[in-house]
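S.K.: Structure file final-v2.pdb (PDB, C-alpha atoms and all ligand atoms) right here:
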```pdb
MODEL        1
ATOM      1  CA  MET A   1     -76.879  37.067 -30.321
ATOM      2  CA  GLU A   2     -75.473  40.374 -31.605
ATOM      3  CA  ASN A   3     -78.445  42.295 -30.190
ATOM      4  CA  ASN A   4     -78.322  40.508 -26.843
ATOM      5  CA  ILE A   5     -74.719  41.474 -26.410
ATOM      6  CA  THR A   6     -75.038  45.081 -27.495
ATOM      7  CA  ASP A   7     -78.138  45.861 -25.480
ATOM      8  CA  GLN A   8     -77.336  44.229 -22.127
ATOM      9  CA  LEU A   9     -78.375  46.149 -19.027
ATOM     10  CA  TYR A  10     -75.639  47.448 -16.756
ATOM     11  CA  VAL A  11     -75.304  49.018 -13.313
ATOM     12  CA  GLU A  12     -72.849  51.848 -12.741
ATOM     13  CA  TYR A  13     -70.963  52.083  -9.431
ATOM     14  CA  ASN A  14     -69.489  55.547  -8.982
ATOM     15  CA  PHE A  15     -66.596  55.203  -6.501
ATOM     16  CA  THR A  16     -64.923  57.933  -4.500
ATOM     17  CA  VAL A  17     -61.462  56.801  -3.454
ATOM     18  CA  GLN A  18     -59.378  58.652  -0.855
ATOM     19  CA  PRO A  19     -56.415  58.833  -1.556
ATOM     20  CA  THR A  20     -56.833  58.084  -5.251
ATOM     21  CA  GLU A  21     -53.217  56.893  -5.679
ATOM     22  CA  PRO A  22     -52.545  53.986  -5.749
ATOM     23  CA  TRP A  23     -55.977  52.836  -4.569
ATOM     24  CA  THR A  24     -58.055  53.520  -7.682
ATOM     25  CA  ASP A  25     -55.876  51.102  -9.665
ATOM     26  CA  VAL A  26     -56.038  48.531  -6.855
ATOM     27  CA  LEU A  27     -59.825  48.939  -6.688
ATOM     28  CA  MET A  28     -60.284  48.434 -10.432
ATOM     29  CA  SER A  29     -58.086  45.365 -10.384
ATOM     30  CA  GLN A  30     -60.070  43.801  -7.491
ATOM     31  CA  LEU A  31     -63.451  44.708  -8.979
ATOM     32  CA  GLY A  32     -62.436  42.707 -12.041
ATOM     33  CA  ASP A  33     -62.601  39.617  -9.808
ATOM     34  CA  LEU A  34     -66.193  40.504  -8.920
ATOM     35  CA  HIS A  35     -67.229  40.507 -12.611
ATOM     36  CA  PHE A  36     -67.104  44.247 -13.144
ATOM     37  CA  GLU A  37     -66.335  44.562 -16.832
ATOM     38  CA  SER A  38     -65.244  48.085 -17.561
ATOM     39  CA  PHE A  39     -63.941  51.136 -15.785
ATOM     40  CA  ILE A  40     -63.639  54.848 -16.339
ATOM     41  CA  GLU A  41     -61.208  56.762 -14.134
ATOM     42  CA  THR A  42     -62.623  59.974 -12.689
ATOM     43  CA  GLU A  43     -61.009  62.815 -10.755
ATOM     44  CA  LYS A  44     -62.168  61.332  -7.452
ATOM     45  CA  GLY A  45     -61.863  57.612  -8.209
ATOM     46  CA  CYS A  46     -63.635  55.607 -10.881
ATOM     47  CA  LYS A  47     -66.888  54.454 -12.376
ATOM     48  CA  ALA A  48     -67.226  50.699 -12.681
ATOM     49  CA  TYR A  49     -69.799  48.776 -14.691
ATOM     50  CA  ILE A  50     -71.295  45.377 -14.002
ATOM     51  CA  ARG A  51     -74.064  43.499 -15.776
ATOM     52  CA  LYS A  52     -77.350  43.935 -13.921
ATOM     53  CA  SER A  53     -77.828  40.169 -13.818
ATOM     54  CA  LEU A  54     -74.565  39.821 -11.837
ATOM     55  CA  ASP A  55     -75.244  42.692  -9.424
ATOM     56  CA  SER A  56     -76.864  42.382  -5.979
ATOM     57  CA  ASP A  57     -77.557  44.652  -3.001
ATOM     58  CA  ASN A  58     -74.802  43.026  -0.965
ATOM     59  CA  LEU A  59     -72.249  42.624  -3.752
ATOM     60  CA  LEU A  60     -69.559  44.558  -1.871
ATOM     61  CA  GLU A  61     -70.251  43.020   1.546
ATOM     62  CA  GLY A  62     -66.956  41.755   2.924
ATOM     63  CA  PHE A  63     -65.036  43.419   0.063
ATOM     64  CA  GLU A  64     -61.524  43.728   1.445
ATOM     65  CA  LEU A  65     -60.818  47.310   0.341
ATOM     66  CA  MET A  66     -63.962  48.556   2.147
ATOM     67  CA  GLU A  67     -62.350  47.488   5.412
ATOM     68  CA  ASN A  68     -58.839  48.670   4.602
ATOM     69  CA  ASP A  69     -57.708  51.422   7.029
ATOM     70  CA  PHE A  70     -55.426  53.046   4.446
ATOM     71  CA  VAL A  71     -58.186  53.986   2.026
ATOM     72  CA  ASP A  72     -61.647  55.586   2.275
ATOM     73  CA  LEU A  73     -64.051  54.134  -0.216
ATOM     74  CA  ALA A  74     -67.612  55.255  -0.930
ATOM     75  CA  PHE A  75     -69.900  54.591  -3.867
ATOM     76  CA  ALA A  76     -73.276  55.426  -5.347
ATOM     77  CA  LYS A  77     -74.902  53.123  -7.843
ATOM     78  CA  ALA A  78     -77.413  53.625 -10.616
ATOM     79  CA  ASP A  79     -78.859  51.660 -13.516
ATOM     80  CA  VAL A  80     -77.351  52.514 -16.881
ATOM     81  CA  PRO A  81     -80.005  53.118 -19.534
ATOM     82  CA  PRO A  82     -79.893  50.476 -22.306
ATOM     83  CA  THR A  83     -76.846  51.301 -24.382
ATOM     84  CA  ASN A  84     -75.697  50.434 -27.837
ATOM     85  CA  TRP A  85     -72.084  49.595 -26.999
ATOM     86  CA  ASN A  86     -71.099  49.537 -30.660
ATOM     87  CA  LYS A  87     -71.976  53.215 -30.911
ATOM     88  CA  GLU A  88     -70.148  53.939 -27.640
ATOM     89  CA  TRP A  89     -67.025  52.308 -28.962
ATOM     90  CA  GLU A  90     -67.242  54.150 -32.256
ATOM     91  CA  SER A  91     -66.968  57.424 -30.395
ATOM     92  CA  ASN A  92     -64.404  56.265 -27.793
ATOM     93  CA  PHE A  93     -62.046  53.749 -29.325
ATOM     94  CA  SER A  94     -59.029  55.111 -31.186
ATOM     95  CA  PRO A  95     -56.681  52.669 -32.913
ATOM     96  CA  ILE A  96     -53.320  51.942 -31.299
ATOM     97  CA  MET A  97     -49.989  51.053 -32.850
ATOM     98  CA  VAL A  98     -47.378  49.054 -30.904
ATOM     99  CA  GLU A  99     -43.716  49.297 -31.934
ATOM    100  CA  GLU A 100     -44.863  50.587 -35.355
ATOM    101  CA  ARG A 101     -45.616  46.937 -36.162
ATOM    102  CA  CYS A 102     -48.920  45.917 -34.651
ATOM    103  CA  GLU A 103     -52.083  47.941 -35.003
ATOM    104  CA  VAL A 104     -55.195  47.148 -32.973
ATOM    105  CA  ARG A 105     -58.197  48.911 -34.466
ATOM    106  CA  ALA A 106     -61.976  48.662 -34.715
ATOM    107  CA  PRO A 107     -63.768  47.608 -37.914
ATOM    108  CA  PHE A 108     -64.736  51.221 -38.575
ATOM    109  CA  HIS A 109     -61.091  52.441 -38.599
ATOM    110  CA  GLU A 110     -59.230  52.384 -41.855
ATOM    111  CA  SER A 111     -56.228  50.057 -41.975
ATOM    112  CA  ARG A 112     -52.809  51.711 -41.990
ATOM    113  CA  GLY A 113     -51.311  48.531 -43.411
ATOM    114  CA  ALA A 114     -49.369  47.500 -40.301
ATOM    115  CA  GLU A 115     -47.359  44.278 -40.377
ATOM    116  CA  TYR A 116     -49.891  42.881 -37.865
ATOM    117  CA  ASP A 117     -53.308  44.423 -38.455
ATOM    118  CA  ILE A 118     -55.772  43.247 -35.789
ATOM    119  CA  VAL A 119     -59.443  44.209 -35.918
ATOM    120  CA  ILE A 120     -61.210  44.101 -32.567
ATOM    121  CA  GLU A 121     -64.737  45.004 -31.647
ATOM    122  CA  PRO A 122     -64.282  45.040 -27.882
ATOM    123  CA  LYS A 123     -67.796  45.913 -26.716
ATOM    124  CA  MET A 124     -67.406  45.354 -22.971
ATOM    125  CA  SER A 125     -64.440  42.953 -22.981
ATOM    126  CA  PHE A 126     -60.916  43.830 -21.877
ATOM    127  CA  GLY A 127     -58.211  43.893 -24.533
ATOM    128  CA  THR A 128     -58.029  46.723 -27.023
ATOM    129  CA  GLY A 129     -54.306  47.202 -26.590
ATOM    130  CA  HIS A 130     -54.923  50.484 -24.782
ATOM    131  CA  HIS A 131     -54.257  49.012 -21.374
ATOM    132  CA  GLN A 132     -50.622  49.008 -20.281
ATOM    133  CA  THR A 133     -50.650  45.262 -19.634
ATOM    134  CA  THR A 134     -52.018  44.345 -23.075
ATOM    135  CA  HIS A 135     -49.519  46.728 -24.680
ATOM    136  CA  MET A 136     -46.567  45.037 -22.927
ATOM    137  CA  MET A 137     -47.840  41.557 -23.821
ATOM    138  CA  ILE A 138     -48.043  42.626 -27.476
ATOM    139  CA  GLN A 139     -44.439  43.859 -27.217
ATOM    140  CA  PHE A 140     -43.316  40.519 -25.768
ATOM    141  CA  LEU A 141     -45.127  38.581 -28.517
ATOM    142  CA  LEU A 142     -43.485  40.737 -31.198
ATOM    143  CA  GLU A 143     -40.079  39.763 -29.780
ATOM    144  CA  GLU A 144     -40.772  36.025 -29.723
ATOM    145  CA  ASP A 145     -40.568  33.512 -32.548
ATOM    146  CA  LEU A 146     -43.763  31.479 -32.174
ATOM    147  CA  THR A 147     -43.342  29.522 -35.401
ATOM    148  CA  GLY A 148     -44.823  26.052 -34.993
ATOM    149  CA  LYS A 149     -45.655  26.621 -31.299
ATOM    150  CA  ARG A 150     -48.717  25.548 -29.320
ATOM    151  CA  VAL A 151     -49.827  28.530 -27.264
ATOM    152  CA  LEU A 152     -52.274  29.130 -24.415
ATOM    153  CA  ASP A 153     -53.799  32.601 -23.954
ATOM    154  CA  MET A 154     -55.243  32.442 -20.433
ATOM    155  CA  GLY A 155     -57.672  35.249 -19.600
ATOM    156  CA  SER A 156     -58.025  36.025 -23.283
ATOM    157  CA  GLY A 157     -60.569  38.890 -23.056
ATOM    158  CA  THR A 158     -61.216  40.099 -26.619
ATOM    159  CA  GLY A 159     -58.792  37.435 -27.912
ATOM    160  CA  VAL A 160     -56.340  40.064 -29.159
ATOM    161  CA  LEU A 161     -53.218  38.249 -27.900
ATOM    162  CA  ALA A 162     -54.333  34.839 -29.193
ATOM    163  CA  ILE A 163     -54.947  36.389 -32.620
ATOM    164  CA  LEU A 164     -51.484  37.978 -32.571
ATOM    165  CA  ALA A 165     -49.958  34.631 -31.508
ATOM    166  CA  GLN A 166     -51.349  33.040 -34.676
ATOM    167  CA  MET A 167     -50.031  35.938 -36.773
ATOM    168  CA  ARG A 168     -46.607  35.334 -35.169
ATOM    169  CA  GLY A 169     -46.594  31.726 -36.346
ATOM    170  CA  ALA A 170     -48.274  29.676 -33.601
ATOM    171  CA  VAL A 171     -50.032  26.629 -35.032
ATOM    172  CA  ALA A 172     -52.554  25.916 -32.273
ATOM    173  CA  ILE A 173     -53.793  28.453 -29.759
ATOM    174  CA  ASP A 174     -56.280  27.955 -26.920
ATOM    175  CA  ALA A 175     -57.893  31.211 -25.764
ATOM    176  CA  ILE A 176     -59.519  30.594 -22.384
ATOM    177  CA  ASP A 177     -61.613  33.081 -20.413
ATOM    178  CA  ILE A 178     -63.838  32.590 -17.419
ATOM    179  CA  ASP A 179     -66.292  35.276 -18.473
ATOM    180  CA  THR A 180     -69.133  34.416 -20.853
ATOM    181  CA  TRP A 181     -69.158  37.884 -22.351
ATOM    182  CA  CYS A 182     -65.431  37.667 -23.161
ATOM    183  CA  TYR A 183     -65.876  34.181 -24.569
ATOM    184  CA  GLU A 184     -68.576  35.379 -26.982
ATOM    185  CA  ASN A 185     -66.634  38.466 -27.915
ATOM    186  CA  ALA A 186     -63.402  36.505 -28.537
ATOM    187  CA  VAL A 187     -65.274  34.042 -30.773
ATOM    188  CA  GLU A 188     -66.435  37.004 -32.884
ATOM    189  CA  ASN A 189     -62.994  38.643 -33.006
ATOM    190  CA  VAL A 190     -61.234  35.386 -33.880
ATOM    191  CA  ALA A 191     -63.628  34.921 -36.832
ATOM    192  CA  ARG A 192     -63.256  38.577 -37.836
ATOM    193  CA  ASN A 193     -59.448  38.165 -38.037
ATOM    194  CA  LYS A 194     -59.689  34.727 -39.687
ATOM    195  CA  ALA A 195     -57.567  33.302 -36.863
ATOM    196  CA  ASP A 196     -58.498  29.724 -37.663
ATOM    197  CA  LYS A 197     -55.869  28.212 -35.358
ATOM    198  CA  VAL A 198     -57.445  29.784 -32.279
ATOM    199  CA  GLU A 199     -59.935  27.783 -30.244
ATOM    200  CA  VAL A 200     -61.907  29.870 -27.741
ATOM    201  CA  ILE A 201     -62.827  28.036 -24.535
ATOM    202  CA  LEU A 202     -65.053  29.183 -21.677
ATOM    203  CA  GLY A 203     -63.658  28.435 -18.217
ATOM    204  CA  GLY A 204     -60.660  28.685 -15.908
ATOM    205  CA  ALA A 205     -57.676  26.572 -14.874
ATOM    206  CA  GLU A 206     -59.856  23.441 -14.619
ATOM    207  CA  GLN A 207     -59.843  23.442 -18.440
ATOM    208  CA  LEU A 208     -56.103  22.812 -18.534
ATOM    209  CA  SER A 209     -55.820  19.213 -17.423
ATOM    210  CA  GLY A 210     -54.381  17.001 -20.144
ATOM    211  CA  ARG A 211     -53.300  19.944 -22.329
ATOM    212  CA  SER A 212     -49.726  20.950 -23.138
ATOM    213  CA  TYR A 213     -48.191  24.101 -24.568
ATOM    214  CA  ASN A 214     -44.846  25.510 -25.697
ATOM    215  CA  ALA A 215     -45.791  29.031 -24.569
ATOM    216  CA  ILE A 216     -48.373  30.605 -22.270
ATOM    217  CA  ILE A 217     -49.732  34.153 -22.106
ATOM    218  CA  ALA A 218     -51.474  35.057 -18.838
ATOM    219  CA  ASN A 219     -52.607  38.656 -18.412
ATOM    220  CA  ILE A 220     -55.095  38.388 -15.536
ATOM    221  CA  ASN A 221     -54.504  39.666 -11.993
ATOM    222  CA  LEU A 222     -52.233  38.785  -9.067
ATOM    223  CA  ASN A 223     -54.763  36.699  -7.126
ATOM    224  CA  VAL A 224     -55.720  34.492 -10.052
ATOM    225  CA  LEU A 225     -52.100  34.111 -11.173
ATOM    226  CA  LEU A 226     -50.957  33.051  -7.687
ATOM    227  CA  ASN A 227     -53.847  30.649  -7.386
ATOM    228  CA  ASP A 228     -53.411  29.044 -10.809
ATOM    229  CA  VAL A 229     -49.658  29.272 -11.468
ATOM    230  CA  LYS A 230     -49.156  25.569 -10.720
ATOM    231  CA  ALA A 231     -51.830  24.563 -13.228
ATOM    232  CA  TYR A 232     -50.155  26.783 -15.838
ATOM    233  CA  SER A 233     -46.708  25.367 -15.132
ATOM    234  CA  ASP A 234     -48.034  21.787 -15.234
ATOM    235  CA  CYS A 235     -49.182  22.233 -18.825
ATOM    236  CA  LEU A 236     -46.062  24.114 -20.016
ATOM    237  CA  GLU A 237     -43.378  21.999 -21.653
ATOM    238  CA  SER A 238     -39.826  22.061 -20.344
ATOM    239  CA  GLY A 239     -37.977  25.060 -21.848
ATOM    240  CA  GLY A 240     -41.326  26.774 -22.572
ATOM    241  CA  VAL A 241     -41.973  30.470 -22.016
ATOM    242  CA  ILE A 242     -44.704  32.034 -19.909
ATOM    243  CA  TRP A 243     -45.556  35.730 -19.851
ATOM    244  CA  PHE A 244     -47.481  37.140 -16.905
ATOM    245  CA  SER A 245     -49.142  40.524 -16.547
ATOM    246  CA  GLY A 246     -51.955  42.221 -14.653
ATOM    247  CA  PHE A 247     -50.085  43.357 -11.514
ATOM    248  CA  TYR A 248     -47.755  46.030 -10.176
ATOM    249  CA  GLN A 249     -44.014  46.380  -9.612
ATOM    250  CA  GLU A 250     -44.423  45.783  -5.878
ATOM    251  CA  ASN A 251     -46.031  42.379  -6.601
ATOM    252  CA  ILE A 252     -43.035  41.027  -8.551
ATOM    253  CA  PRO A 253     -41.279  39.268  -5.611
ATOM    254  CA  THR A 254     -44.512  37.510  -4.571
ATOM    255  CA  LEU A 255     -45.166  36.206  -8.050
ATOM    256  CA  VAL A 256     -41.533  35.277  -8.739
ATOM    257  CA  ASP A 257     -41.440  33.285  -5.455
ATOM    258  CA  ALA A 258     -44.642  31.438  -6.351
ATOM    259  CA  CYS A 259     -43.190  30.719  -9.793
ATOM    260  CA  LYS A 260     -39.987  29.274  -8.297
ATOM    261  CA  GLU A 261     -42.048  26.741  -6.355
ATOM    262  CA  VAL A 262     -43.442  25.361  -9.605
ATOM    263  CA  GLY A 263     -40.227  25.379 -11.655
ATOM    264  CA  LEU A 264     -40.572  28.733 -13.454
ATOM    265  CA  VAL A 265     -37.459  30.908 -13.601
ATOM    266  CA  TYR A 266     -37.388  34.706 -14.021
ATOM    267  CA  ASP A 267     -36.052  35.876 -17.372
ATOM    268  CA  SER A 268     -36.971  39.531 -17.989
ATOM    269  CA  GLN A 269     -39.614  42.184 -17.448
ATOM    270  CA  LYS A 270     -41.304  45.239 -18.928
ATOM    271  CA  GLU A 271     -42.852  48.143 -17.062
ATOM    272  CA  ARG A 272     -45.447  50.738 -18.036
ATOM    273  CA  ASP A 273     -46.913  53.194 -15.506
ATOM    274  CA  ASN A 274     -46.141  50.865 -12.577
ATOM    275  CA  TRP A 275     -47.808  47.922 -14.350
ATOM    276  CA  VAL A 276     -45.459  45.006 -15.054
ATOM    277  CA  ALA A 277     -45.146  42.109 -17.480
ATOM    278  CA  LEU A 278     -42.760  39.228 -16.712
ATOM    279  CA  ARG A 279     -41.154  36.664 -18.995
ATOM    280  CA  MET A 280     -40.400  33.396 -17.198
ATOM    281  CA  VAL A 281     -39.000  30.124 -18.497
ATOM    282  CA  LYS A 282     -39.722  26.589 -17.338
ATOM    283  CA  ASN A 283     -36.724  24.547 -16.184
TER
HETATM  284  C1  LIG B 301     -56.671  41.885 -17.828
HETATM  285  S1  LIG B 301     -57.829  41.028 -18.840
HETATM  286  C2  LIG B 301     -56.770  40.513 -20.168
HETATM  287  C3  LIG B 301     -57.427  40.423 -21.512
HETATM  288  C4  LIG B 301     -56.488  40.215 -22.699
HETATM  289  N1  LIG B 301     -55.763  38.967 -22.600
HETATM  290  C5  LIG B 301     -55.481  41.344 -22.797
HETATM  291  O1  LIG B 301     -54.304  41.123 -22.587
HETATM  292  O2  LIG B 301     -55.895  42.466 -23.092
HETATM  293  C6  LIG B 301     -58.047  39.579 -17.861
HETATM  294  C7  LIG B 301     -59.051  38.577 -18.373
HETATM  295  O3  LIG B 301     -58.968  37.428 -17.553
HETATM  296  C8  LIG B 301     -60.260  36.888 -17.364
HETATM  297  N2  LIG B 301     -60.200  36.086 -16.136
HETATM  298  C9  LIG B 301     -60.352  36.491 -14.849
HETATM  299  N3  LIG B 301     -60.175  35.452 -14.008
HETATM  300  C10 LIG B 301     -59.877  34.366 -14.784
HETATM  301  C11 LIG B 301     -59.584  32.998 -14.494
HETATM  302  N4  LIG B 301     -59.549  32.545 -13.256
HETATM  303  N5  LIG B 301     -59.317  32.180 -15.520
HETATM  304  C12 LIG B 301     -59.384  32.633 -16.809
HETATM  305  N6  LIG B 301     -59.680  33.898 -17.139
HETATM  306  C13 LIG B 301     -59.906  34.769 -16.137
HETATM  307  C14 LIG B 301     -61.173  38.099 -17.331
HETATM  308  O4  LIG B 301     -62.495  37.744 -17.674
HETATM  309  C15 LIG B 301     -60.518  39.027 -18.342
HETATM  310  O5  LIG B 301     -61.069  38.892 -19.617
ENDMDL
END
```
Please go through the file and, once you have read it, give me the structure as structure tokens.
M.R.:
Amino acid sequence: MENNITDQLYVEYNFTVQPTEPWTDVLMSQLGDLHFESFIETEKGCKAYIRKSLDSDNLLEGFELMENDFVDLAFAKADVPPTNWNKEWESNFSPIMVEERCEVRAPFHESRGAEYDIVIEPKMSFGTGHHQTTHMMIQFLLEEDLTGKRVLDMGSGTGVLAILAQMRGAVAIDAIDIDTWCYENAVENVARNKADKVEVILGGAEQLSGRSYNAIIANINLNVLLNDVKAYSDCLESGGVIWFSGFYQENIPTLVDACKEVGLVYDSQKERDNWVALRMVKN
């Protein structure tokens, strides 16, 4: 399996975005919904990568941003030569430290002995702690006492937040992701960090029926959160906490309104470069 994952074939879409602000961020967020797995910002927009097996000639037909009058979008695409993603990461991935307490590093980085030392081999999955949203979720988890709690990490990516939840005392953690690649990668990272209370599950909100949690982590994107917020709330116990991220400051009222409808009350927020993370509590 290791070789299959490292040597998958990818297609690169090189996007020109006019104006780049704020549209490159919006574009990357929306491409995530179309199964693009990683992004590199460029001066003129971004490069986005999708597995060749998920690409098609008409992939972007009907894509909303292409028809948006406020932004000019153009792209060129090309096959990426077979790549050893482990090697790529070795040259690109620097360890990060959050609040001087939680380090997220790759296996080839030496440990600095942080209170929470998480080893992640991200390959093509989201969640190295470098992204603003992951960083804020780590901060929230460091502030919360999860002792004895049952936790859901929805949209778990590399599994970094589920692993941290166990380190913070959670006794049962479900890490659910809709993407097969993320699922496989999270299984590996959970084993690597000996996070034996984390169960990795492939799927989306349909996996939640009959489950119940004391706390939920959901770092995904606005569309998915709005669509699935009721399912999340339904499996959160009264008094439970839910953290959301994966959207911008301007989206807060929309999400808070949708939360109100399903009994979730605003508590507090964090911001990083216009990205936001919210802490909400269930009535
Ligand atoms: C922004 S990443 C977050 C990864 C990680 N939790 C972190 O904080 O770094 C969002 C993840 O949600 C997953 N995802 C997208 N839509 C989803 C859905 N409907 N249900 C579950 N997971 C989803 C993606 O595959 C991706 O891994």
S.K.: Can you list every residue of chain A that has an atom at most 6 Å from ligand LIG 301 (chain B), with its nearest atom pair and the distance in Å to one decimal, using all atoms listed in the file, ordered by chain then number, as JSON lines?
M.R.:
```
{"residue": "A:Phe126", "atom": "CA", "partner": "B:LIG301", "partner_atom": "C3", "distance": 4.9}
{"residue": "A:Gly127", "atom": "CA", "partner": "B:LIG301", "partner_atom": "O2", "distance": 3.1}
{"residue": "A:Thr134", "atom": "CA", "partner": "B:LIG301", "partner_atom": "O1", "distance": 4.0}
{"residue": "A:Met154", "atom": "CA", "partner": "B:LIG301", "partner_atom": "C12", "distance": 5.5}
{"residue": "A:Gly155", "atom": "CA", "partner": "B:LIG301", "partner_atom": "O3", "distance": 3.3}
{"residue": "A:Ser156", "atom": "CA", "partner": "B:LIG301", "partner_atom": "N1", "distance": 3.8}
{"residue": "A:Gly157", "atom": "CA", "partner": "B:LIG301", "partner_atom": "O5", "distance": 3.5}
{"residue": "A:Leu161", "atom": "CA", "partner": "B:LIG301", "partner_atom": "N1", "distance": 5.9}
{"residue": "A:Ile176", "atom": "CA", "partner": "B:LIG301", "partner_atom": "C12", "distance": 5.9}
{"residue": "A:Asp177", "atom": "CA", "partner": "B:LIG301", "partner_atom": "N6", "distance": 3.9}
{"residue": "A:Ile178", "atom": "CA", "partner": "B:LIG301", "partner_atom": "N6", "distance": 4.4}
{"residue": "A:Asp179", "atom": "CA", "partner": "B:LIG301", "partner_atom": "O4", "distance": 4.6}
{"residue": "A:Cys182", "atom": "CA", "partner": "B:LIG301", "partner_atom": "O5", "distance": 5.8}
{"residue": "A:Gly204", "atom": "CA", "partner": "B:LIG301", "partner_atom": "N5", "distance": 3.8}
{"residue": "A:Ala205", "atom": "CA", "partner": "B:LIG301", "partner_atom": "N5", "distance": 5.9}
{"residue": "A:Asn219", "atom": "CA", "partner": "B:LIG301", "partner_atom": "C2", "distance": 4.9}
{"residue": "A:Ile220", "atom": "CA", "partner": "B:LIG301", "partner_atom": "C6", "distance": 3.9}
{"residue": "A:Val224", "atom": "CA", "partner": "B:LIG301", "partner_atom": "N4", "distance": 5.4}
{"residue": "A:Gly246", "atom": "CA", "partner": "B:LIG301", "partner_atom": "C1", "distance": 5.7}
```
S.K.: Here is a test: counting all atoms listed in the file, which residue of A:Arg272, A:Lys77, A:Lys230, A:Arg168 is nearest to His130 (chain A)?
M.R.: A:Arg272
S.K.: Give, as AutoDock Vina command-line options, the centre coordinates and the x, y and z edge lengths in Å to one decimal for an axis-aligned box around all listed atoms of region 138-153 of chain A, padded by 5 Å on each side.
M.R.:
```
--center_x -46.9 --center_y 34.7 --center_z -29.7 --size_x 23.7 --size_y 28.3 --size_z 21.4
```
S.K.: Taking the point (-64.1, 58.1, -13.9) as given in the file, collect each protein or nucleic acid residue that comes within 12 Å of it, counting only C-alpha atoms, and present the set as an mmCIF file with C-alpha atoms, keeping the file's coordinate frame.
M.R.:
```
data_model
loop_
_atom_site.group_PDB
_atom_site.id
_atom_site.type_symbol
_atom_site.label_atom_id
_atom_site.label_comp_id
_atom_site.auth_asym_id
_atom_site.auth_seq_id
_atom_site.Cartn_x
_atom_site.Cartn_y
_atom_site.Cartn_z
ATOM 1 C CA GLU A 12 -72.849 51.848 -12.741
ATOM 2 C CA TYR A 13 -70.963 52.083 -9.431
ATOM 3 C CA ASN A 14 -69.489 55.547 -8.982
ATOM 4 C CA PHE A 15 -66.596 55.203 -6.501
ATOM 5 C CA THR A 16 -64.923 57.933 -4.500
ATOM 6 C CA VAL A 17 -61.462 56.801 -3.454
ATOM 7 C CA THR A 20 -56.833 58.084 -5.251
ATOM 8 C CA THR A 24 -58.055 53.520 -7.682
ATOM 9 C CA ASP A 25 -55.876 51.102 -9.665
ATOM 10 C CA MET A 28 -60.284 48.434 -10.432
ATOM 11 C CA SER A 38 -65.244 48.085 -17.561
ATOM 12 C CA PHE A 39 -63.941 51.136 -15.785
ATOM 13 C CA ILE A 40 -63.639 54.848 -16.339
ATOM 14 C CA GLU A 41 -61.208 56.762 -14.134
ATOM 15 C CA THR A 42 -62.623 59.974 -12.689
ATOM 16 C CA GLU A 43 -61.009 62.815 -10.755
ATOM 17 C CA LYS A 44 -62.168 61.332 -7.452
ATOM 18 C CA GLY A 45 -61.863 57.612 -8.209
ATOM 19 C CA CYS A 46 -63.635 55.607 -10.881
ATOM 20 C CA LYS A 47 -66.888 54.454 -12.376
ATOM 21 C CA ALA A 48 -67.226 50.699 -12.681
ATOM 22 C CA TYR A 49 -69.799 48.776 -14.691
#
```
S.K.: Using all atoms listed in the file, which residue out of A:Asp79, A:Leu27, A:Thr158, A:Asn283 lies closest to Leu65 (chain A)?
M.R.: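 Selected residue with least distance to Leu65 (chain A): A:Leu27.
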S.K.: From the list A:Asn58, A:Ser212, A:Asn274, A:Gln30, which residue is nearest Ala231 (chain A) when using all atoms listed in the file?
M.R.: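 Ranked by minimum distance to Ala231 (chain A), first place goes to A:Ser212.
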S.K.: What separation in Å, quoted to one decimal, exists between CA of Asp273 (chain A) and CA of His135 (chain A)?
M.R.: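 We find that CA of Asp273 (chain A) and CA of His135 (chain A) lie 11.5 Å from each other.
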S.K.: Which residues are near Leu255 (chain A)? Cut-off 9 Å, only C-alpha atoms, ignore same chain within fewer than 6 positions. Put them as a list in words.
M.R.: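 After dropping sequence-adjacent residues, the list is Leu222, Leu225, Leu226 and Val229 of chain A.
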S.K.: Include C-alpha atoms and write out the residues we just selected as a tab-separated table (two decimals), keeping the file's coordinate frame.
M.R.:
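Dumped everything to result24.tsv:
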```tsv
chain	number	residue	atom	x	y	z
A	222	LEU	CA	-52.23	38.78	-9.07
A	225	LEU	CA	-52.10	34.11	-11.17
A	226	LEU	CA	-50.96	33.05	-7.69
A	229	VAL	CA	-49.66	29.27	-11.47
```
S.K.: Enumerate, as a PyMOL selection string, the residues matched when the PyMOL selection byres (((chain A and resi 147-152) around 8) and not hetatm) is run on the file above.
M.R.: chain A and resi 145-146+153-154+162+165+168-176+212-217
S.K.: Select, from A:Asn68, A:Ser209, A:Asn193, A:Thr180, the residue with the minimum atom-to-atom distance to Pro107 (chain A), counting all atoms listed in the file.
M.R.: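 Among the listed residues, A:Asn193 lies closest to Pro107 (chain A).
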S.K.: Go through A:Ser94, A:Gln18, A:Thr128, A:Ser56 one by one, measure the shortest atom-to-atom distance of each to His35 (chain A) using all atoms listed in the file, and give the residue with the smallest value.
M.R.: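 Among A:Ser94, A:Gln18, A:Thr128, A:Ser56, it is A:Ser56 that comes nearest to His35 (chain A).
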S.K.: So what do you get for CA of Arg51 (chain A) versus CA of Tyr248 (chain A), distance-wise?
M.R.: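 Between CA of Arg51 (chain A) and CA of Tyr248 (chain A) the gap is 27.0 Å.
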S.K.: Figure out the distance between CA of Ser245 (chain A) and CA of Arg211 (chain A), please, to one decimal in Å.
M.R.: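 The value is 21.8 Å.
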S.K.: Determine the nearest neighbour of Met137 (chain A) from the options A:Met280, A:Asn185, A:Pro81, A:Phe244, counting only C-alpha atoms.
M.R.: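 Closest residue, counting only C-alpha atoms: A:Phe244.
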S.K.: Could you tell me, as a PyMOL selection string, exactly which residues end up selected when the PyMOL selection byres (((chain A and resi 282) around 7) and not hetatm) is applied to this structure?
M.R.: chain A and resi 238-241+263-265+280-281+283
S.K.: Expanded to explicit residues, what is the PyMOL selection byres (((chain A and resi 10) around 6) and not hetatm) for this file, as a VMD selection string?
M.R.: chain A and resid 9 11 50 to 52 80
